[in-house]
Amino acid sequence: MKRIVFRGAGVAIVTPFDEDGINFAELGKLIDYQIENGTDAIIITGTTGESATMNDEEHKAAIKFAVEHVNKRVPVVAGTGSNDTAYAVQLSQYAESVGADALLVVTPYYNKCTQNGLVAHYNKIADSVNVPIILYNVPSRTGVNIKPETYLKLSKHPRIVATKEANGDLSSIVRTKKLCGDELEIYSGNDDQIVPIMSLGGKGVISVLSNVAPKDTHLICQLYFEGKVEAAAKLQIDYSDLIDALFCEVNPIPVKSALKLLGWNVGNLRMPLSEIEPQNLEKLRAALKSHNLLT
């Protein structure tokens, strides 16, 4: 069995911006808040962190800051994926050099690739580092889906240890688990499927919801792992309205808007992302109030 990077709820943390770039002071406060409220891992420079609109210097600086600020309190997982294999290797090696505990590597997007290309891409990256890799399968964004048979091939690599699965297809996850067993752990990439995926052997979630509700996102996982399945499922269902609101527009538009409502200085979204529509802001406000996160 391979080493598990973390068990529970890891936050796909937002990146606060200001007129000078990344607002590191606010990012540090967000990281502290997450750890103080039970979050099991910090995932930096992912989709929710707007890595797609960071330049190379910012991307590396965010990873380095997160590693240093967390200071081993919880694992730090660095998003280092790219549709350019050579650049993904470069970013991955940098993240390892500054102390990231693991890497989150999305499937190549836009130019895409075949299933054989996925195997070559990921093995190339895994061969270039000595830290664990979590694959990230999100075909709604990338246009590429990792098939269960491809997961089996990838799971043979000693440093490919897990996947963040956001294809929404539970039947595919069953087949992946059947083929890979303990050689590939699974994290839910969708907040509305935390308990369903844990019921199939998943080890938790890489979560957007955790940005605004870290205690209860952690608790969903904790309750499940303690054998309190009904309580975990109830909490999952109770939060379905807020989860829906957090995805009423493309992520991370709603979650950054939610954090602003909660008083966090996360700054503006970077273009081409736009500010949330007024009717969706009210939906978000109502959901936050229903969970006593906003008065």
# chains A, B, ... in the order shown; residues from 1 in each chain; ligands from 1
>>> residues_around(residues="Ala213 (chain A)", least_positions_apart="4", cutoff="8 Å", atoms="only C-alpha atoms", output="list in words")
Leu209, Thr217 and Leu293 of chain A
>>> closest_atom_pairs(of="region 46-132 of chain A", to="region 163-174 of chain A", cutoff="10 Å", atoms="only C-alpha atoms", output="CSV")
residue,atom,partner,partner_atom,distance
A:Leu104,CA,A:Lys164,CA,8.2
A:Val105,CA,A:Thr163,CA,9.0
A:Val106,CA,A:Lys164,CA,8.9
>>> closest_residue(among="A:Asn55, A:Gln222, A:Thr39, A:Thr47", to="Ala78 (chain A)", atoms="only C-alpha atoms")
A:Thr47
>>> select_by_dssp(residues="region 92-284 of chain A", states="strand (DSSP E or B)", output="PDB file with C-alpha atoms, in the first residue's frame")
ATOM      1  CA  ALA A 102       2.607  16.330  -2.719  1.00  0.00           C
ATOM      2  CA  LEU A 103       1.534  17.536  -6.149  1.00  0.00           C
ATOM      3  CA  LEU A 104      -1.901  17.879  -7.728  1.00  0.00           C
ATOM      4  CA  VAL A 105      -1.580  17.429 -11.490  1.00  0.00           C
ATOM      5  CA  VAL A 106      -4.554  18.072 -13.757  1.00  0.00           C
ATOM      6  CA  ILE A 133       1.368  12.802  -7.099  1.00  0.00           C
ATOM      7  CA  ILE A 134      -2.408  13.165  -6.964  1.00  0.00           C
ATOM      8  CA  LEU A 135      -3.946  13.039 -10.431  1.00  0.00           C
ATOM      9  CA  TYR A 136      -6.799  15.444 -11.145  1.00  0.00           C
ATOM     10  CA  ASN A 137      -9.567  14.276 -13.439  1.00  0.00           C
ATOM     11  CA  ILE A 160       1.258   8.177  -8.447  1.00  0.00           C
ATOM     12  CA  VAL A 161      -0.708   7.557  -5.273  1.00  0.00           C
ATOM     13  CA  ALA A 162      -4.190   9.061  -5.681  1.00  0.00           C
ATOM     14  CA  THR A 163      -6.662  10.896  -7.849  1.00  0.00           C
ATOM     15  CA  LYS A 164      -8.966  13.836  -7.299  1.00  0.00           C
ATOM     16  CA  GLU A 165     -11.979  12.523  -9.168  1.00  0.00           C
ATOM     17  CA  GLU A 185      -6.551   6.279  -3.438  1.00  0.00           C
ATOM     18  CA  ILE A 186      -9.516   8.444  -4.405  1.00  0.00           C
ATOM     19  CA  TYR A 187     -10.511  11.906  -3.207  1.00  0.00           C
ATOM     20  CA  SER A 188     -13.812  13.431  -4.188  1.00  0.00           C
ATOM     21  CA  GLY A 204     -11.907  12.336   1.649  1.00  0.00           C
ATOM     22  CA  VAL A 205     -12.323  15.437  -0.467  1.00  0.00           C
ATOM     23  CA  ILE A 206     -10.398  18.280  -2.061  1.00  0.00           C
ATOM     24  CA  SER A 207     -13.018  20.867  -1.340  1.00  0.00           C
TER      25      SER A 207
END
>>> closest_residue(among="A:Ala100, A:Ile4, A:Ala62, A:Ala9", to="Ile220 (chain A)", atoms="only C-alpha atoms")
A:Ala9
>>> closest_atom_pairs(of="region 43-89 of chain A", to="region 19-34 of chain A", cutoff="12 Å", atoms="only C-alpha atoms", output="Markdown table")
| residue | atom | partner | partner_atom | distance |
| --- | --- | --- | --- | --- |
| A:Ile43 | CA | A:Ile31 | CA | 10.1 |
| A:Ile44 | CA | A:Ile31 | CA | 9.9 |
| A:Thr45 | CA | A:Ile22 | CA | 11.5 |
| A:Gly49 | CA | A:Leu27 | CA | 10.6 |
| A:Glu50 | CA | A:Ile22 | CA | 10.9 |
| A:Ser51 | CA | A:Ile22 | CA | 11.2 |
| A:Thr53 | CA | A:Gly21 | CA | 11.0 |
| A:Met54 | CA | A:Gly21 | CA | 9.0 |
| A:Asn55 | CA | A:Gly21 | CA | 9.9 |
| A:Glu57 | CA | A:Gly21 | CA | 10.4 |
| A:Glu58 | CA | A:Ile22 | CA | 7.2 |
| A:His59 | CA | A:Ile22 | CA | 9.6 |
| A:Lys60 | CA | A:Ile22 | CA | 11.4 |
| A:Ala61 | CA | A:Ile22 | CA | 8.9 |
| A:Ala62 | CA | A:Ile22 | CA | 7.8 |
| A:Ile63 | CA | A:Phe24 | CA | 11.2 |
| A:Lys64 | CA | A:Phe24 | CA | 11.0 |
| A:Phe65 | CA | A:Phe24 | CA | 7.7 |
| A:Ala66 | CA | A:Gly28 | CA | 7.7 |
| A:Val67 | CA | A:Ile31 | CA | 10.4 |
| A:Glu68 | CA | A:Gly28 | CA | 10.0 |
| A:His69 | CA | A:Gly28 | CA | 6.6 |
| A:Val70 | CA | A:Ile31 | CA | 7.2 |
| A:Asn71 | CA | A:Asp32 | CA | 10.8 |
| A:Arg73 | CA | A:Asp32 | CA | 9.8 |
| A:Val74 | CA | A:Gln34 | CA | 10.2 |
| A:Pro75 | CA | A:Ile31 | CA | 11.8 |
| A:Val76 | CA | A:Ile31 | CA | 10.5 |
